[in-house]
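Student: File follows, target-v5.csv with CSV, C-alpha atoms:
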```
chain,number,residue,atom,x,y,z
A,1,MET,CA,237.1,-13.7,120.0
A,2,VAL,CA,238.3,-10.3,119.2
A,3,HIS,CA,238.7,-9.8,115.4
A,4,MET,CA,242.4,-10.0,114.4
A,5,HIS,CA,242.6,-6.5,112.9
A,6,SER,CA,241.1,-4.9,116.0
A,7,MET,CA,243.5,-7.0,118.1
A,8,LEU,CA,246.4,-5.9,116.1
A,9,SER,CA,245.3,-2.3,116.3
A,10,LYS,CA,244.9,-2.5,120.0
A,11,ALA,CA,248.2,-4.2,120.5
A,12,ILE,CA,250.1,-1.7,118.4
A,13,GLN,CA,248.6,1.3,120.2
A,14,THR,CA,249.8,0.0,123.6
A,15,TYR,CA,253.4,0.8,122.5
A,16,PHE,CA,253.6,2.6,119.1
A,17,ASP,CA,252.6,6.0,117.9
A,18,THR,CA,250.7,4.7,114.8
A,19,SER,CA,251.8,7.7,112.8
A,20,GLU,CA,255.3,6.4,112.9
A,21,ILE,CA,254.5,3.0,111.4
A,22,VAL,CA,256.0,2.7,107.9
A,23,THR,CA,254.8,-0.8,107.0
A,24,TRP,CA,253.6,-4.1,108.6
A,25,LYS,CA,253.0,-7.6,107.4
A,26,GLN,CA,251.9,-10.9,109.0
A,27,VAL,CA,254.5,-13.5,109.7
A,28,TYR,CA,253.5,-17.1,109.5
A,29,GLY,CA,254.9,-20.2,111.2
A,30,GLY,CA,253.6,-20.4,114.8
A,31,ASP,CA,250.4,-22.2,115.9
A,32,ILE,CA,249.7,-20.3,119.1
A,33,ASN,CA,250.1,-16.6,118.4
A,34,GLU,CA,249.4,-14.3,115.4
A,35,SER,CA,252.7,-12.7,114.5
A,36,PHE,CA,253.6,-9.5,112.6
A,37,TYR,CA,256.6,-7.6,111.3
A,38,ILE,CA,256.4,-3.9,112.0
A,39,ARG,CA,258.7,-1.3,110.6
A,40,THR,CA,258.7,2.2,112.0
A,41,ALA,CA,260.8,5.3,111.5
A,42,SER,CA,263.0,4.2,114.4
A,43,GLY,CA,263.5,0.4,113.6
A,44,SER,CA,262.0,-3.0,112.9
A,45,TYR,CA,260.0,-5.0,115.4
A,46,PHE,CA,258.4,-8.4,115.9
A,47,ILE,CA,255.0,-8.5,117.6
A,48,LYS,CA,253.2,-11.6,118.9
A,49,ILE,CA,249.5,-11.3,119.6
A,50,GLN,CA,247.0,-13.7,121.2
A,51,ALA,CA,243.3,-13.4,122.0
A,52,ALA,CA,242.5,-14.0,125.7
A,53,PRO,CA,245.9,-15.6,126.5
A,54,PRO,CA,246.3,-17.7,129.7
A,55,PRO,CA,247.2,-15.6,132.8
A,56,ARG,CA,250.6,-14.0,132.5
A,57,PHE,CA,251.4,-15.9,129.3
A,58,PHE,CA,253.6,-13.2,127.7
A,59,HIS,CA,255.0,-12.1,131.1
A,60,SER,CA,256.3,-15.7,131.5
A,61,GLU,CA,258.0,-15.6,128.2
A,62,LYS,CA,259.6,-12.2,129.0
A,63,SER,CA,260.9,-13.6,132.3
A,64,GLY,CA,262.5,-16.5,130.5
A,65,LEU,CA,264.2,-14.3,127.9
A,66,ASP,CA,265.4,-12.0,130.7
A,67,THR,CA,266.8,-15.0,132.6
A,68,ILE,CA,268.8,-16.3,129.7
A,69,ARG,CA,270.0,-12.8,128.8
A,70,LEU,CA,271.5,-12.4,132.3
A,71,THR,CA,273.8,-15.4,131.7
A,72,LYS,CA,275.6,-13.4,129.0
A,73,THR,CA,275.9,-16.6,126.9
A,74,ILE,CA,273.4,-17.0,124.1
A,75,SER,CA,271.7,-13.9,122.7
A,76,VAL,CA,267.9,-13.4,123.0
A,77,PRO,CA,265.8,-10.8,121.3
A,78,ASN,CA,265.4,-7.5,123.2
A,79,VAL,CA,261.9,-7.2,124.8
A,80,PHE,CA,260.4,-3.8,124.3
A,81,HIS,CA,256.9,-4.3,125.6
A,82,VAL,CA,254.6,-6.8,127.1
A,83,TYR,CA,250.8,-6.2,127.5
A,84,GLU,CA,248.0,-8.4,128.8
A,85,ASP,CA,244.5,-7.3,129.7
A,86,GLY,CA,242.6,-10.6,129.6
A,87,GLU,CA,241.1,-9.9,126.2
A,88,VAL,CA,244.3,-9.3,124.3
A,89,GLY,CA,248.0,-10.0,125.0
A,90,CYS,CA,251.0,-9.0,123.0
A,91,LEU,CA,254.8,-9.2,123.2
A,92,ILE,CA,256.9,-6.8,121.2
A,93,LEU,CA,260.5,-7.9,120.4
A,94,GLU,CA,263.5,-7.0,118.5
A,95,TRP,CA,263.3,-8.2,114.8
A,96,ILE,CA,265.9,-10.9,114.1
A,97,SER,CA,266.5,-11.4,110.4
A,98,GLY,CA,269.6,-13.6,109.8
A,99,LYS,CA,269.9,-17.0,108.2
A,100,LYS,CA,270.8,-20.2,110.0
A,101,THR,CA,274.0,-21.8,109.0
A,102,GLU,CA,276.1,-24.8,110.1
A,103,GLN,CA,278.5,-22.3,111.7
A,104,ALA,CA,275.7,-20.7,113.6
A,105,ALA,CA,274.4,-24.1,114.8
A,106,GLU,CA,277.9,-25.0,116.0
A,107,LYS,CA,278.1,-21.7,117.9
A,108,LEU,CA,274.7,-22.4,119.4
A,109,GLY,CA,276.0,-25.7,120.7
A,110,ASN,CA,279.0,-24.1,122.3
A,111,LEU,CA,277.0,-21.3,123.9
A,112,LEU,CA,274.2,-23.6,125.1
A,113,ALA,CA,276.9,-25.6,127.0
A,114,LEU,CA,278.1,-22.4,128.6
A,115,MET,CA,274.5,-21.5,129.5
A,116,HIS,CA,274.1,-24.9,131.1
A,117,ASN,CA,277.1,-24.1,133.3
A,118,HIS,CA,275.0,-21.4,134.9
A,119,THR,CA,273.5,-23.4,137.8
A,120,GLY,CA,271.1,-23.0,140.7
A,121,GLU,CA,271.1,-24.5,144.1
A,122,LYS,CA,267.8,-26.3,143.5
A,123,PHE,CA,265.7,-27.6,140.7
A,124,GLY,CA,262.8,-25.6,139.3
A,125,PHE,CA,262.1,-22.0,138.9
A,126,ALA,CA,260.5,-19.1,140.8
A,127,ASN,CA,257.5,-18.7,138.5
A,128,ASN,CA,255.1,-21.0,136.8
A,129,GLY,CA,255.3,-21.0,133.0
A,130,TYR,CA,254.0,-22.5,129.8
A,131,ILE,CA,255.1,-25.0,127.2
A,132,GLY,CA,253.0,-24.2,124.2
A,133,LYS,CA,249.8,-23.1,125.9
A,134,LEU,CA,250.0,-25.9,128.5
A,135,PRO,CA,250.8,-24.7,132.0
A,136,GLN,CA,254.2,-25.6,133.4
A,137,PRO,CA,254.1,-25.8,137.2
A,138,ASN,CA,257.3,-24.8,139.0
A,139,GLN,CA,258.6,-24.9,142.5
A,140,TRP,CA,262.1,-25.3,144.1
A,141,LEU,CA,263.0,-28.9,144.9
A,142,ASP,CA,266.2,-30.5,146.2
A,143,SER,CA,265.8,-33.6,144.1
A,144,TRP,CA,265.8,-33.7,140.3
A,145,ILE,CA,263.9,-37.0,140.4
A,146,ASP,CA,261.1,-35.4,142.5
A,147,TYR,CA,261.0,-32.3,140.3
A,148,TYR,CA,260.8,-34.4,137.1
A,149,ARG,CA,258.1,-36.5,138.5
A,150,THR,CA,255.9,-33.9,140.2
A,151,CYS,CA,256.4,-30.8,138.0
A,152,ARG,CA,256.9,-32.4,134.6
A,153,LEU,CA,255.6,-35.9,134.1
A,154,GLN,CA,252.6,-36.0,136.5
A,155,PRO,CA,250.8,-32.8,135.1
A,156,GLN,CA,251.1,-34.1,131.6
A,157,ILE,CA,249.9,-37.6,132.5
A,158,ARG,CA,247.0,-36.2,134.4
A,159,LEU,CA,246.0,-34.0,131.5
A,160,ALA,CA,246.2,-36.9,129.1
A,161,GLU,CA,244.0,-39.0,131.4
A,162,GLU,CA,241.4,-36.2,131.6
A,163,LYS,CA,241.4,-36.0,127.8
A,164,GLY,CA,241.1,-39.8,127.4
A,165,LEU,CA,244.2,-39.9,125.1
A,166,LEU,CA,245.8,-43.1,126.4
A,167,PRO,CA,244.5,-46.6,127.2
A,168,LEU,CA,244.4,-47.6,130.8
A,169,SER,CA,247.2,-50.1,130.3
A,170,ILE,CA,249.6,-47.3,129.4
A,171,PHE,CA,248.5,-45.2,132.4
A,172,LYS,CA,249.2,-48.1,134.7
A,173,LYS,CA,252.7,-48.5,133.3
A,174,LEU,CA,253.3,-44.7,133.5
A,175,ASN,CA,252.4,-44.7,137.1
A,176,LYS,CA,254.7,-47.6,137.8
A,177,LEU,CA,257.5,-45.9,135.8
A,178,MET,CA,257.1,-42.7,138.0
A,179,GLN,CA,257.9,-44.8,141.1
A,180,GLU,CA,261.0,-46.2,139.5
A,181,LEU,CA,262.7,-43.1,138.0
A,182,GLU,CA,265.7,-43.5,140.3
A,183,GLN,CA,266.8,-46.5,138.3
A,184,TRP,CA,267.8,-44.3,135.4
A,185,ILE,CA,267.8,-40.6,136.6
A,186,PRO,CA,270.3,-39.1,139.0
A,187,GLU,CA,268.9,-37.4,142.1
A,188,LYS,CA,271.3,-34.5,142.2
A,189,PRO,CA,272.9,-33.7,138.9
A,190,LYS,CA,274.0,-30.0,138.5
A,191,ALA,CA,270.9,-27.8,138.2
A,192,SER,CA,271.6,-26.2,134.9
A,193,LEU,CA,269.6,-23.3,133.5
A,194,LEU,CA,267.6,-24.8,130.6
A,195,HIS,CA,265.7,-23.2,127.7
A,196,GLY,CA,263.1,-25.9,128.3
A,197,ASP,CA,261.6,-26.1,124.8
A,198,LEU,CA,264.6,-26.2,122.5
A,199,TRP,CA,263.5,-27.7,119.2
A,200,SER,CA,264.9,-26.5,115.8
A,201,GLY,CA,262.2,-23.8,115.5
A,202,ASN,CA,263.1,-22.1,118.7
A,203,TRP,CA,266.5,-20.7,117.7
A,204,MET,CA,267.3,-18.1,115.1
A,205,ALA,CA,270.4,-16.4,113.7
A,206,GLY,CA,271.1,-12.7,113.5
A,207,GLU,CA,272.5,-10.9,110.5
A,208,ASN,CA,276.1,-11.5,111.8
A,209,GLY,CA,275.4,-15.3,112.3
A,210,GLU,CA,275.0,-14.9,116.0
A,211,PRO,CA,272.5,-17.5,117.4
A,212,TYR,CA,269.4,-16.4,119.3
A,213,LEU,CA,267.1,-18.4,121.5
A,214,ILE,CA,263.4,-17.6,121.4
A,215,ASP,CA,260.1,-18.9,123.1
A,216,PRO,CA,261.7,-20.3,126.2
A,217,SER,CA,260.1,-22.3,129.0
A,218,VAL,CA,263.0,-21.9,131.4
A,219,PHE,CA,263.8,-23.7,134.6
A,220,TYR,CA,266.9,-25.3,136.3
A,221,GLY,CA,267.2,-29.0,135.6
A,222,HIS,CA,269.4,-31.8,134.3
A,223,ASP,CA,271.3,-30.6,131.1
A,224,GLU,CA,270.6,-34.0,129.5
A,225,PHE,CA,266.9,-33.2,129.5
A,226,GLU,CA,267.5,-30.3,127.1
A,227,LEU,CA,269.8,-32.3,124.8
A,228,ALA,CA,267.3,-35.2,124.7
A,229,PHE,CA,264.6,-32.9,123.2
A,230,THR,CA,267.0,-31.6,120.5
A,231,GLU,CA,267.3,-35.2,119.3
A,232,LEU,CA,263.6,-36.0,119.4
A,233,PHE,CA,262.5,-34.3,116.2
A,234,GLY,CA,265.9,-33.6,114.7
A,235,GLY,CA,267.0,-30.4,112.9
A,236,PHE,CA,270.3,-29.9,114.7
A,237,PRO,CA,273.5,-30.8,112.8
A,238,ALA,CA,276.3,-33.0,114.1
A,239,GLY,CA,278.4,-29.9,114.6
A,240,PHE,CA,276.0,-28.6,117.2
A,241,TYR,CA,276.5,-31.7,119.4
A,242,HIS,CA,280.2,-31.8,118.9
A,243,ALA,CA,280.6,-28.1,119.9
A,244,TYR,CA,278.4,-28.7,122.9
A,245,GLN,CA,280.3,-31.7,124.2
A,246,GLU,CA,283.7,-29.9,123.8
A,247,VAL,CA,282.5,-27.6,126.6
A,248,ASN,CA,280.1,-29.9,128.5
A,249,PRO,CA,280.6,-33.6,127.8
A,250,LEU,CA,277.6,-35.8,128.3
A,251,SER,CA,277.6,-38.7,130.8
A,252,LYS,CA,278.2,-42.2,129.4
A,253,ASP,CA,274.7,-43.0,130.8
A,254,TYR,CA,273.0,-40.4,128.7
A,255,GLU,CA,271.7,-42.9,126.1
A,256,ASP,CA,270.2,-45.0,128.8
A,257,ARG,CA,267.8,-42.2,129.9
A,258,LYS,CA,267.5,-40.1,126.8
A,259,GLU,CA,264.1,-41.6,125.9
A,260,LEU,CA,262.9,-41.2,129.4
A,261,TYR,CA,263.5,-37.5,129.1
A,262,GLN,CA,261.9,-37.4,125.6
A,263,LEU,CA,258.8,-39.0,127.1
A,264,PHE,CA,257.9,-35.7,128.7
A,265,TYR,CA,257.9,-33.9,125.3
A,266,LEU,CA,255.9,-36.7,123.7
A,267,LEU,CA,253.3,-36.3,126.4
A,268,VAL,CA,253.2,-32.6,125.7
A,269,HIS,CA,252.7,-33.2,122.0
A,270,LEU,CA,250.1,-35.8,122.8
A,271,ASN,CA,248.2,-33.2,124.9
A,272,LEU,CA,248.6,-30.5,122.3
A,273,PHE,CA,248.1,-32.3,119.1
A,274,GLY,CA,246.3,-35.6,119.8
A,275,LYS,CA,246.5,-39.3,119.5
A,276,SER,CA,249.1,-39.5,116.7
A,277,TYR,CA,251.7,-39.5,119.5
A,278,VAL,CA,250.2,-42.5,121.3
A,279,ASN,CA,252.5,-45.1,119.7
A,280,ALA,CA,255.7,-43.1,120.5
A,281,VAL,CA,254.6,-42.8,124.1
A,282,GLU,CA,253.8,-46.5,124.4
A,283,ARG,CA,257.1,-47.5,122.8
A,284,ILE,CA,259.1,-45.6,125.4
A,285,VAL,CA,257.0,-46.7,128.3
A,286,ASN,CA,257.4,-50.3,127.2
A,287,ARG,CA,261.2,-49.9,127.1
A,288,TYR,CA,261.4,-48.9,130.7
A,289,VAL,CA,258.5,-50.9,132.3
```
Render the structure in this file as structure tokens.

Tutor:
Amino acid sequence: MVHMHSMLSKAIQTYFDTSEIVTWKQVYGGDINESFYIRTASGSYFIKIQAAPPPRFFHSEKSGLDTIRLTKTISVPNVFHVYEDGEVGCLILEWISGKKTEQAAEKLGNLLALMHNHTGEKFGFANNGYIGKLPQPNQWLDSWIDYYRTCRLQPQIRLAEEKGLLPLSIFKKLNKLMQELEQWIPEKPKASLLHGDLWSGNWMAGENGEPYLIDPSVFYGHDEFELAFTELFGGFPAGFYHAYQEVNPLSKDYEDRKELYQLFYLLVHLNLFGKSYVNAVERIVNRYV
């Protein structure tokens, strides 16, 4: 692996005139990239660096941010530069430095509902992407059930099987569940633009309290899928949900399928972080099978 300082130097030189850099410092918090704050004579920047990233990893993130930006709903950081050469990848973004507040969270709920009202004709997305460092296959499908089964659940189940993370009994139930999704999931809800990985760490607030979305894994899908993940690990205040539902009320059937949508994210965490998520996966599977 390329040494971090040489990686940082290489990444910086792909965009900046190093003589203009006033200061820089490492920013901690993520578990995939190394991140840095950089201040130059012309402004402040956030740079994410990864050694040997998966193919088009940062290009995929840029595509997601650009797609959200085009809705003119929730703000996203400006993207100044993306670079990948197989050995090093980096993404240089606008520096966002505000503080999250209840008011910012409420505004996020309102704007997320407006973003979800930007819809596509089909479910999916034009490009494959990532959630964490796990590949997210995409294609355009007419059926939300088919998309959720083939592009979300099946790849994660297959990966968990390859890693030996679940007992055979759960795999059998998961395979049965995938054939019965129509009992709980609508085939053709509106195909909303989704952030795709919206937990409490993937939104920020600017200096004026404006909410920003970061680290997207975008696609067009059922809006309830997004809301279900926000509830999985918490971190969103009640005002966020109230503001969301004032614009985009949830179906009365949401609670019946919420955990079925959370199952995908638990499988992702199982594949990323290991067997501590087995019990949560098993509990949900046993509820539906």

Student: For atom CA of Leu134 of chain A and atom CA of Ile68 of chain A, determine how far apart the two atoms are, in Å to one decimal place.

Tutor: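 Taking atom CA of Leu134 of chain A and atom CA of Ile68 of chain A, their separation equals 21.1 Å.
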
Student: Which polymer residues have any atom within 8 Å of an atom of segment 71-82 of chain A, counting only C-alpha atoms, with same-chain residues fewer than 3 positions away left out, as a JSON list (two decimals) with C-alpha atoms, keeping the file's coordinate frame?

Tutor:
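Writing done, so here's part37.json:
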```json
[["chain", "number", "residue", "atom", "x", "y", "z"],
["A", 15, "TYR", "CA", 253.40, 0.80, 122.50],
["A", 58, "PHE", "CA", 253.60, -13.20, 127.70],
["A", 59, "HIS", "CA", 255.00, -12.10, 131.10],
["A", 62, "LYS", "CA", 259.60, -12.20, 129.00],
["A", 65, "LEU", "CA", 264.20, -14.30, 127.90],
["A", 67, "THR", "CA", 266.80, -15.00, 132.60],
["A", 68, "ILE", "CA", 268.80, -16.30, 129.70],
["A", 89, "GLY", "CA", 248.00, -10.00, 125.00],
["A", 90, "CYS", "CA", 251.00, -9.00, 123.00],
["A", 91, "LEU", "CA", 254.80, -9.20, 123.20],
["A", 92, "ILE", "CA", 256.90, -6.80, 121.20],
["A", 93, "LEU", "CA", 260.50, -7.90, 120.40],
["A", 94, "GLU", "CA", 263.50, -7.00, 118.50],
["A", 95, "TRP", "CA", 263.30, -8.20, 114.80],
["A", 96, "ILE", "CA", 265.90, -10.90, 114.10],
["A", 108, "LEU", "CA", 274.70, -22.40, 119.40],
["A", 111, "LEU", "CA", 277.00, -21.30, 123.90],
["A", 112, "LEU", "CA", 274.20, -23.60, 125.10],
["A", 114, "LEU", "CA", 278.10, -22.40, 128.60],
["A", 115, "MET", "CA", 274.50, -21.50, 129.50],
["A", 118, "HIS", "CA", 275.00, -21.40, 134.90],
["A", 210, "GLU", "CA", 275.00, -14.90, 116.00],
["A", 211, "PRO", "CA", 272.50, -17.50, 117.40],
["A", 212, "TYR", "CA", 269.40, -16.40, 119.30],
["A", 213, "LEU", "CA", 267.10, -18.40, 121.50],
["A", 214, "ILE", "CA", 263.40, -17.60, 121.40]]
```

Student: Show me a table, sorted first by chain and then by increasing residue number, of the residues of segment 107-167 of chain A having an atom at most 6 Å from segment 240-254 of chain A, each with its shortest atom pair and the distance in Å to one decimal, counting all atoms listed in the file and written as a Markdown table.

Tutor:
```
| residue | atom | partner | partner_atom | distance |
| --- | --- | --- | --- | --- |
| A:Gly109 | CA | A:Tyr244 | CA | 4.4 |
| A:Asn110 | CA | A:Tyr244 | CA | 4.7 |
| A:Ala113 | CA | A:Tyr244 | CA | 5.4 |
```

Student: Residues within 12 Å of Ser19 of chain A, please, as a ChimeraX atom specification. Count all atoms listed in the file; anything in the same chain fewer than 6 positions from it doesn't count.

Tutor: /A:12-13,39-42

Student: Given all atoms listed in the file as the basis, pick out the residue of A:Gln136, A:Ser44, A:Gln26, A:Asn271 nearest to Lys163 of chain A.

Tutor: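 Comparing A:Gln136, A:Ser44, A:Gln26, A:Asn271 against Lys163 of chain A, the winner is A:Asn271.
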
Student: Here is a test: counting all atoms listed in the file, which residue of A:Leu177, A:Pro237, A:Pro167, A:Thr101 is nearest to Leu263 of chain A?

Tutor: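 Nearest candidate to Leu263 of chain A out of A:Leu177, A:Pro237, A:Pro167, A:Thr101: A:Leu177.
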
Student: With all atoms listed in the file as the atoms that count, which of A:Tyr265, A:Tyr147, A:Trp199, A:Phe125 lies nearest to Tyr220 of chain A?

Tutor: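 Closest to Tyr220 of chain A of all the choices is A:Phe125.
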
Student: Which is closer to Ala52 of chain A than all the others in A:Gly64, A:Glu84, A:Thr23, A:Phe229, using only C-alpha atoms?

Tutor: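 With only C-alpha atoms as the atom set, the closest residue is A:Glu84.
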
Student: What does the distance between atom CA of Tyr37 of chain A and atom CA of Ser200 of chain A come to in Å, to one decimal place?

Tutor: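 The value is 21.1 Å.
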